[in-house]
Amino acid sequence: MAYQVIQDRDMLLKACEESGTRFPYSDDISVLATPIKVGSKTVNNRIVYQAMEGCDGTYDGAPDTLTKRRYLRFARGGAGIIWFEATAVLGEGRANPRQMYLTPKTQDDFKRIVADIKEECMRANGFEPIVICQLTHSGRYSKPEGTPAPLIAYNNPIFEKDNPIDPSRIVSDEYLDRVCEALVQGAIDAEKCGFDGGDIKSCHRYLLSEILSAYNREGRYGGSFENRTRLLTTAVKEARLATNKNNFIITSRLNIYDGFEYPYGFGVNEGEGITPDLSEAKRLAKILVSNGLDLLDCTMGNPYFNPHVNRPYAKGTYEPPEHPLFGVQRMLDGISEVAQEIKGTPVICSGISFLGGVSANVCSGYINNGGFDFAGYGRETLAYPDCASAITSGANLDPKKLCICCGKCTEIMRCKGGTPGCVIRDTEVYMPLYKKFVLGKE
Ligand SMILES: Cc1cc2nc3c(=O)[nH]c(=O)nc-3n(C[C@H](O)[C@H](O)[C@H](O)COP(=O)(O)O)c2cc1C
């Protein structure tokens with residue numbers, strides 16, 4: 001079955017009929033151009049450019065040529081919030097040797113890129129965006145030297161199959177205490193670098209996200225809801241205390257549902273397969289807010305084992321078991337459900353690139369119906385970095401610039417040394433890289 005990114009309302013209606021899905025829809029997208037308060041700051045508009053890692057930093061972990069190019073394009077694009085990509089807080093938790101890494105050595109480089117992003121957006125759009133730093137430990141996906149060096153919360157047969165990871169790679173409670181300290185230090189350093197906020201990343205099954213489903217782990221970080229959420233809730237609370245509430249946003253990109261059955265997934269019940277149950281996510285969201293969280297960025301799934309949940313696509317490495325719109329609906333309805341629990345704390349959605357030409361209408365529909373507060377774009381930002389200014393000026397998105405959800409950015413990312421970007425719409429730079437890394441042709 002071939003799928004195609006949605007171009008317009010007629011195509012949406014037809015695809016909704018085929019897939020048995022329904023979305024709120026607003027012809028008037030002006031709500032996306034309205035400002036909103038987040039913590040002590042005012043955000044210019046309701047568009048977020050989600051964290052999009054380029055695996056293209058220096059080996060020290062500072063932004064390099066392609067990184068700078070990407071963020072200047074994003075800055076010109078006019079989003080209210082730019083979510084700076086996954087940035088490691090511990091060397092052994094880097095997902096690749098060129099992943100961003102915030103250290104005393106790289107701090108000046110981070111200062112410079114944040115200042116450049118703000119200046120470029122001000123020059124192009126007349127306002128400064130909010131720039132959030134995504135603080136991470138990659139856990140089972142750690143590859144600091146380019147080869148897997150997993151650090152796991154527990155063994156997971158769904159991921160490990162016939163090759164169980166040596167139990168010596170299961171991190172101790174004391175190690176997790178150190179991860180918490182490093183995340184808090186990361187927030188302090190991010191504030192020093194001029195970022196407007198720090199994201200205690202807990203999504204896509206990297207370390208903090210994996211712990212949310214550590215039902216069978218012993219000790220302080222496993223078993224009960226309180227133990228499984230301890231690392232995230234403590235890091236948020238301490239990061240809030242360690243930074244200036246009047247100057248710095250504390251947020252988290254949170255997996256509210258993993259899409260794996262109990263006891264290997266968050267957001268499911270024992271004996272109910274992969275049917276979502278968001279009660280723990282809602283309970284967690286409330287605790288995070290009471291611990292000082294200013295903003296919640298929600299997402300679902302895992303990019304390696306169920307990418308159809310994480311980023312509904314037209315083309316990928318396997319035929320999705322459901323229509324991509326079904327995945328988009330699960331994501332947007334689920335995020336709205338969590339948002340209801342923390343009214344007053346803004347919530348960002350994810351997974352909307354497949355909605356293409358109607359993404360702004362559908363997100364406006366959700367926002368106007370009291371769902372979430374921000375439209376969070378992922379792959380679209382690589383294909384169409386100016387999509388935010390088009391949307392906030394009230395224009396229709398140009399079908400010739402839209403992301404086609406072909407998966408080529410991820411294909412590059414999965415190759416050793418690969419630096420992902422949009423092969424289709426940013427061809428001059430990324431087609432040669434696709435040929436080099438994926439097709440093996442220089
Ligand atoms: C190349 C690539 C890099 C990504 N890097 C990150 C990242 O650094 N941090 C993160 O939380 N998500 C990352 N994501 C996930 C996206 O932010 C987003 O959640 C996903 O693409 C679904 O949204 P979309 O449908 O708008 O693309 C990445 C996705 C891709 C394809």
# chains A, B, ... in the order shown; residues from 1 in each chain; ligands from 1
call {"tool": "select_by_dssp", "arguments": {"residues": "region 37-267 of chain A", "states": "strand (DSSP E or B)", "output": "PyMOL selection string"}}
result
chain A and resi 37-38+41-43+47-49+81-88+100-101+130-136+152+170+197-200+202+249-257
call {"tool": "residues_around", "arguments": {"residues": "region 147-164 of chain A", "least_positions_apart": "4", "cutoff": "7 Å", "atoms": "only C-alpha atoms", "output": "number ranges by chain"}}
result
A: 139-143, 169-171, 207, 210-211, 214, 217, 264
call {"tool": "residues_around", "arguments": {"residues": "region 177-185 of chain A", "least_positions_apart": "4", "cutoff": "7 Å", "atoms": "only C-alpha atoms", "output": "number ranges by chain"}}
result
A: 89-90, 135, 173, 189, 200, 231, 235, 238-239
call {"tool": "closest_atom_pairs", "arguments": {"of": "chain A", "to": "ligand 1", "cutoff": "9 Å", "atoms": "only C-alpha atoms and all ligand atoms", "output": "JSON lines"}}
result
{"residue": "A:Tyr49", "atom": "CA", "partner": "ligand 1", "partner_atom_place_in_ligand_line": "17 (O)", "distance": 8.0}
{"residue": "A:Gln50", "atom": "CA", "partner": "ligand 1", "partner_atom_place_in_ligand_line": "17 (O)", "distance": 4.7}
{"residue": "A:Ala51", "atom": "CA", "partner": "ligand 1", "partner_atom_place_in_ligand_line": "9 (N)", "distance": 4.4}
{"residue": "A:Met52", "atom": "CA", "partner": "ligand 1", "partner_atom_place_in_ligand_line": "5 (N)", "distance": 3.5}
{"residue": "A:Glu53", "atom": "CA", "partner": "ligand 1", "partner_atom_place_in_ligand_line": "5 (N)", "distance": 3.7}
{"residue": "A:Gly54", "atom": "CA", "partner": "ligand 1", "partner_atom_place_in_ligand_line": "3 (C)", "distance": 6.3}
{"residue": "A:Cys55", "atom": "CA", "partner": "ligand 1", "partner_atom_place_in_ligand_line": "3 (C)", "distance": 8.5}
{"residue": "A:Trp83", "atom": "CA", "partner": "ligand 1", "partner_atom_place_in_ligand_line": "9 (N)", "distance": 8.5}
{"residue": "A:Phe84", "atom": "CA", "partner": "ligand 1", "partner_atom_place_in_ligand_line": "8 (O)", "distance": 7.6}
{"residue": "A:Glu85", "atom": "CA", "partner": "ligand 1", "partner_atom_place_in_ligand_line": "8 (O)", "distance": 4.1}
{"residue": "A:Ala86", "atom": "CA", "partner": "ligand 1", "partner_atom_place_in_ligand_line": "8 (O)", "distance": 4.0}
{"residue": "A:Thr87", "atom": "CA", "partner": "ligand 1", "partner_atom_place_in_ligand_line": "8 (O)", "distance": 7.6}
{"residue": "A:Gln134", "atom": "CA", "partner": "ligand 1", "partner_atom_place_in_ligand_line": "9 (N)", "distance": 7.1}
{"residue": "A:Thr136", "atom": "CA", "partner": "ligand 1", "partner_atom_place_in_ligand_line": "9 (N)", "distance": 8.8}
{"residue": "A:Lys201", "atom": "CA", "partner": "ligand 1", "partner_atom_place_in_ligand_line": "11 (O)", "distance": 7.1}
{"residue": "A:Ser202", "atom": "CA", "partner": "ligand 1", "partner_atom_place_in_ligand_line": "11 (O)", "distance": 8.4}
{"residue": "A:Cys203", "atom": "CA", "partner": "ligand 1", "partner_atom_place_in_ligand_line": "11 (O)", "distance": 6.5}
{"residue": "A:His204", "atom": "CA", "partner": "ligand 1", "partner_atom_place_in_ligand_line": "11 (O)", "distance": 7.1}
{"residue": "A:Arg253", "atom": "CA", "partner": "ligand 1", "partner_atom_place_in_ligand_line": "11 (O)", "distance": 6.6}
{"residue": "A:Leu254", "atom": "CA", "partner": "ligand 1", "partner_atom_place_in_ligand_line": "11 (O)", "distance": 8.7}
{"residue": "A:Cys298", "atom": "CA", "partner": "ligand 1", "partner_atom_place_in_ligand_line": "19 (O)", "distance": 8.8}
{"residue": "A:Thr299", "atom": "CA", "partner": "ligand 1", "partner_atom_place_in_ligand_line": "19 (O)", "distance": 6.4}
{"residue": "A:Met300", "atom": "CA", "partner": "ligand 1", "partner_atom_place_in_ligand_line": "19 (O)", "distance": 8.0}
{"residue": "A:Pro303", "atom": "CA", "partner": "ligand 1", "partner_atom_place_in_ligand_line": "15 (C)", "distance": 7.6}
{"residue": "A:Pro307", "atom": "CA", "partner": "ligand 1", "partner_atom_place_in_ligand_line": "22 (C)", "distance": 8.8}
{"residue": "A:Val309", "atom": "CA", "partner": "ligand 1", "partner_atom_place_in_ligand_line": "22 (C)", "distance": 8.9}
{"residue": "A:Asn310", "atom": "CA", "partner": "ligand 1", "partner_atom_place_in_ligand_line": "22 (C)", "distance": 5.8}
{"residue": "A:Arg311", "atom": "CA", "partner": "ligand 1", "partner_atom_place_in_ligand_line": "22 (C)", "distance": 4.1}
{"residue": "A:Pro312", "atom": "CA", "partner": "ligand 1", "partner_atom_place_in_ligand_line": "25 (O)", "distance": 6.1}
{"residue": "A:Tyr313", "atom": "CA", "partner": "ligand 1", "partner_atom_place_in_ligand_line": "25 (O)", "distance": 7.6}
{"residue": "A:Val328", "atom": "CA", "partner": "ligand 1", "partner_atom_place_in_ligand_line": "25 (O)", "distance": 8.1}
{"residue": "A:Cys349", "atom": "CA", "partner": "ligand 1", "partner_atom_place_in_ligand_line": "23 (O)", "distance": 8.8}
{"residue": "A:Ser350", "atom": "CA", "partner": "ligand 1", "partner_atom_place_in_ligand_line": "23 (O)", "distance": 5.0}
{"residue": "A:Gly351", "atom": "CA", "partner": "ligand 1", "partner_atom_place_in_ligand_line": "25 (O)", "distance": 3.2}
{"residue": "A:Ile352", "atom": "CA", "partner": "ligand 1", "partner_atom_place_in_ligand_line": "25 (O)", "distance": 4.3}
{"residue": "A:Ser353", "atom": "CA", "partner": "ligand 1", "partner_atom_place_in_ligand_line": "25 (O)", "distance": 3.9}
{"residue": "A:Phe354", "atom": "CA", "partner": "ligand 1", "partner_atom_place_in_ligand_line": "25 (O)", "distance": 5.8}
{"residue": "A:Leu355", "atom": "CA", "partner": "ligand 1", "partner_atom_place_in_ligand_line": "25 (O)", "distance": 8.1}
{"residue": "A:Gly376", "atom": "CA", "partner": "ligand 1", "partner_atom_place_in_ligand_line": "26 (O)", "distance": 6.6}
{"residue": "A:Tyr377", "atom": "CA", "partner": "ligand 1", "partner_atom_place_in_ligand_line": "26 (O)", "distance": 4.1}
{"residue": "A:Gly378", "atom": "CA", "partner": "ligand 1", "partner_atom_place_in_ligand_line": "26 (O)", "distance": 3.4}
{"residue": "A:Arg379", "atom": "CA", "partner": "ligand 1", "partner_atom_place_in_ligand_line": "27 (O)", "distance": 3.7}
{"residue": "A:Glu380", "atom": "CA", "partner": "ligand 1", "partner_atom_place_in_ligand_line": "26 (O)", "distance": 5.9}
{"residue": "A:Thr381", "atom": "CA", "partner": "ligand 1", "partner_atom_place_in_ligand_line": "26 (O)", "distance": 7.9}
{"residue": "A:Leu382", "atom": "CA", "partner": "ligand 1", "partner_atom_place_in_ligand_line": "1 (C)", "distance": 8.3}
{"residue": "A:Cys403", "atom": "CA", "partner": "ligand 1", "partner_atom_place_in_ligand_line": "27 (O)", "distance": 8.6}
{"residue": "A:Cys405", "atom": "CA", "partner": "ligand 1", "partner_atom_place_in_ligand_line": "27 (O)", "distance": 7.6}
{"residue": "A:Gly407", "atom": "CA", "partner": "ligand 1", "partner_atom_place_in_ligand_line": "31 (C)", "distance": 7.3}
{"residue": "A:Lys408", "atom": "CA", "partner": "ligand 1", "partner_atom_place_in_ligand_line": "31 (C)", "distance": 8.6}
{"residue": "A:Cys409", "atom": "CA", "partner": "ligand 1", "partner_atom_place_in_ligand_line": "1 (C)", "distance": 5.2}
{"residue": "A:Thr410", "atom": "CA", "partner": "ligand 1", "partner_atom_place_in_ligand_line": "1 (C)", "distance": 5.1}
{"residue": "A:Glu411", "atom": "CA", "partner": "ligand 1", "partner_atom_place_in_ligand_line": "1 (C)", "distance": 8.6}
{"residue": "A:Ile412", "atom": "CA", "partner": "ligand 1", "partner_atom_place_in_ligand_line": "1 (C)", "distance": 8.2}
{"residue": "A:Met413", "atom": "CA", "partner": "ligand 1", "partner_atom_place_in_ligand_line": "1 (C)", "distance": 6.3}
{"residue": "A:Thr419", "atom": "CA", "partner": "ligand 1", "partner_atom_place_in_ligand_line": "1 (C)", "distance": 8.4}
{"residue": "A:Pro420", "atom": "CA", "partner": "ligand 1", "partner_atom_place_in_ligand_line": "1 (C)", "distance": 5.4}
{"residue": "A:Gly421", "atom": "CA", "partner": "ligand 1", "partner_atom_place_in_ligand_line": "1 (C)", "distance": 6.5}
{"residue": "A:Cys422", "atom": "CA", "partner": "ligand 1", "partner_atom_place_in_ligand_line": "1 (C)", "distance": 8.6}
call {"tool": "atom_distance", "arguments": {"atom1": "CA of Gly265 (chain A)", "atom2": "CA of Ser213 (chain A)"}}
result
5.3 Å
call {"tool": "select_by_dssp", "arguments": {"residues": "region 159-332 of chain A", "states": "helix (DSSP H, G or I)", "output": "VMD selection string"}}
result
chain A and resid 159 to 160 167 to 169 173 to 192 207 to 211 225 to 228 230 to 242 279 to 290 307 to 310 324 to 332
call {"tool": "atom_distance", "arguments": {"atom1": "CA of Pro321 (chain A)", "atom2": "CA of Asn306 (chain A)"}}
result
9.9 Å
call {"tool": "closest_residue", "arguments": {"among": "A:Thr67, A:Gln340, A:Thr234, A:Asn216", "to": "Asp373 (chain A)", "atoms": "only C-alpha atoms"}}
result
A:Gln340
call {"tool": "atom_distance", "arguments": {"atom1": "CA of Gly334 (chain A)", "atom2": "CA of Arg414 (chain A)"}}
result
28.5 Å
call {"tool": "decode", "arguments": {"residues": "region 286-313 of chain A", "atoms": "N, CA and C atoms", "output": "mmCIF file, in the first residue's frame"}}
result
data_model
loop_
_atom_site.group_PDB
_atom_site.id
_atom_site.type_symbol
_atom_site.label_atom_id
_atom_site.label_comp_id
_atom_site.auth_asym_id
_atom_site.auth_seq_id
_atom_site.Cartn_x
_atom_site.Cartn_y
_atom_site.Cartn_z
ATOM 1 N N LYS A 286 1.237 15.788 35.796
ATOM 2 C CA LYS A 286 0.810 16.627 36.934
ATOM 3 C C LYS A 286 1.938 16.794 37.949
ATOM 4 N N ILE A 287 2.638 15.691 38.236
ATOM 5 C CA ILE A 287 3.750 15.767 39.196
ATOM 6 C C ILE A 287 4.844 16.685 38.650
ATOM 7 N N LEU A 288 5.128 16.554 37.358
ATOM 8 C CA LEU A 288 6.178 17.389 36.768
ATOM 9 C C LEU A 288 5.822 18.868 36.910
ATOM 10 N N VAL A 289 4.554 19.186 36.680
ATOM 11 C CA VAL A 289 4.126 20.586 36.809
ATOM 12 C C VAL A 289 4.270 21.034 38.260
ATOM 13 N N SER A 290 3.894 20.158 39.186
ATOM 14 C CA SER A 290 4.020 20.582 40.597
ATOM 15 C C SER A 290 5.499 20.683 40.997
ATOM 16 N N ASN A 291 6.387 20.032 40.246
ATOM 17 C CA ASN A 291 7.830 20.153 40.518
ATOM 18 C C ASN A 291 8.461 21.342 39.796
ATOM 19 N N GLY A 292 7.641 22.113 39.072
ATOM 20 C CA GLY A 292 8.163 23.345 38.477
ATOM 21 C C GLY A 292 8.283 23.340 36.961
ATOM 22 N N LEU A 293 7.752 22.299 36.309
ATOM 23 C CA LEU A 293 7.824 22.258 34.837
ATOM 24 C C LEU A 293 6.961 23.377 34.236
ATOM 25 N N ASP A 294 7.518 24.109 33.259
ATOM 26 C CA ASP A 294 6.804 25.241 32.657
ATOM 27 C C ASP A 294 6.119 24.884 31.346
ATOM 28 N N LEU A 295 6.559 23.782 30.728
ATOM 29 C CA LEU A 295 6.141 23.475 29.355
ATOM 30 C C LEU A 295 6.338 21.980 29.152
ATOM 31 N N LEU A 296 5.395 21.324 28.463
ATOM 32 C CA LEU A 296 5.537 19.879 28.209
ATOM 33 C C LEU A 296 5.486 19.633 26.702
ATOM 34 N N ASP A 297 6.471 18.876 26.213
ATOM 35 C CA ASP A 297 6.557 18.554 24.780
ATOM 36 C C ASP A 297 6.304 17.049 24.665
ATOM 37 N N CYS A 298 5.140 16.674 24.130
ATOM 38 C CA CYS A 298 4.759 15.244 24.145
ATOM 39 C C CYS A 298 5.052 14.551 22.824
ATOM 40 N N THR A 299 5.397 13.281 22.930
ATOM 41 C CA THR A 299 5.666 12.466 21.753
ATOM 42 C C THR A 299 5.381 11.008 22.116
ATOM 43 N N MET A 300 5.593 10.088 21.162
ATOM 44 C CA MET A 300 5.306 8.660 21.370
ATOM 45 C C MET A 300 6.302 7.815 20.576
ATOM 46 N N GLY A 301 6.417 6.557 20.977
ATOM 47 C CA GLY A 301 7.101 5.572 20.146
ATOM 48 C C GLY A 301 8.615 5.609 20.220
ATOM 49 N N ASN A 302 9.209 4.803 19.339
ATOM 50 C CA ASN A 302 10.658 4.607 19.304
ATOM 51 C C ASN A 302 11.090 4.638 17.830
ATOM 52 N N PRO A 303 12.112 5.430 17.525
ATOM 53 C CA PRO A 303 12.479 5.587 16.106
ATOM 54 C C PRO A 303 13.091 4.339 15.484
ATOM 55 N N TYR A 304 13.500 3.365 16.294
ATOM 56 C CA TYR A 304 14.163 2.173 15.742
ATOM 57 C C TYR A 304 13.203 0.995 15.572
ATOM 58 N N PHE A 305 12.296 0.785 16.541
ATOM 59 C CA PHE A 305 11.466 -0.427 16.514
ATOM 60 C C PHE A 305 10.009 -0.202 16.111
ATOM 61 N N ASN A 306 9.503 1.001 16.310
ATOM 62 C CA ASN A 306 8.149 1.272 15.796
ATOM 63 C C ASN A 306 8.058 2.701 15.238
ATOM 64 N N PRO A 307 8.918 3.007 14.253
ATOM 65 C CA PRO A 307 8.913 4.379 13.724
ATOM 66 C C PRO A 307 7.546 4.810 13.194
ATOM 67 N N HIS A 308 6.663 3.846 12.843
ATOM 68 C CA HIS A 308 5.339 4.263 12.353
ATOM 69 C C HIS A 308 4.534 4.930 13.468
ATOM 70 N N VAL A 309 4.885 4.603 14.745
ATOM 71 C CA VAL A 309 4.228 5.253 15.893
ATOM 72 C C VAL A 309 4.882 6.615 16.143
ATOM 73 N N ASN A 310 6.188 6.642 16.017
ATOM 74 C CA ASN A 310 6.987 7.825 16.341
ATOM 75 C C ASN A 310 6.870 8.932 15.305
ATOM 76 N N ARG A 311 6.884 8.547 14.023
ATOM 77 C CA ARG A 311 6.806 9.546 12.946
ATOM 78 C C ARG A 311 6.091 8.919 11.741
ATOM 79 N N PRO A 312 4.760 8.964 11.768
ATOM 80 C CA PRO A 312 3.992 8.346 10.682
ATOM 81 C C PRO A 312 4.555 8.757 9.317
ATOM 82 N N TYR A 313 4.735 7.744 8.444
ATOM 83 C CA TYR A 313 5.462 7.996 7.198
ATOM 84 C C TYR A 313 4.754 7.451 5.961
#
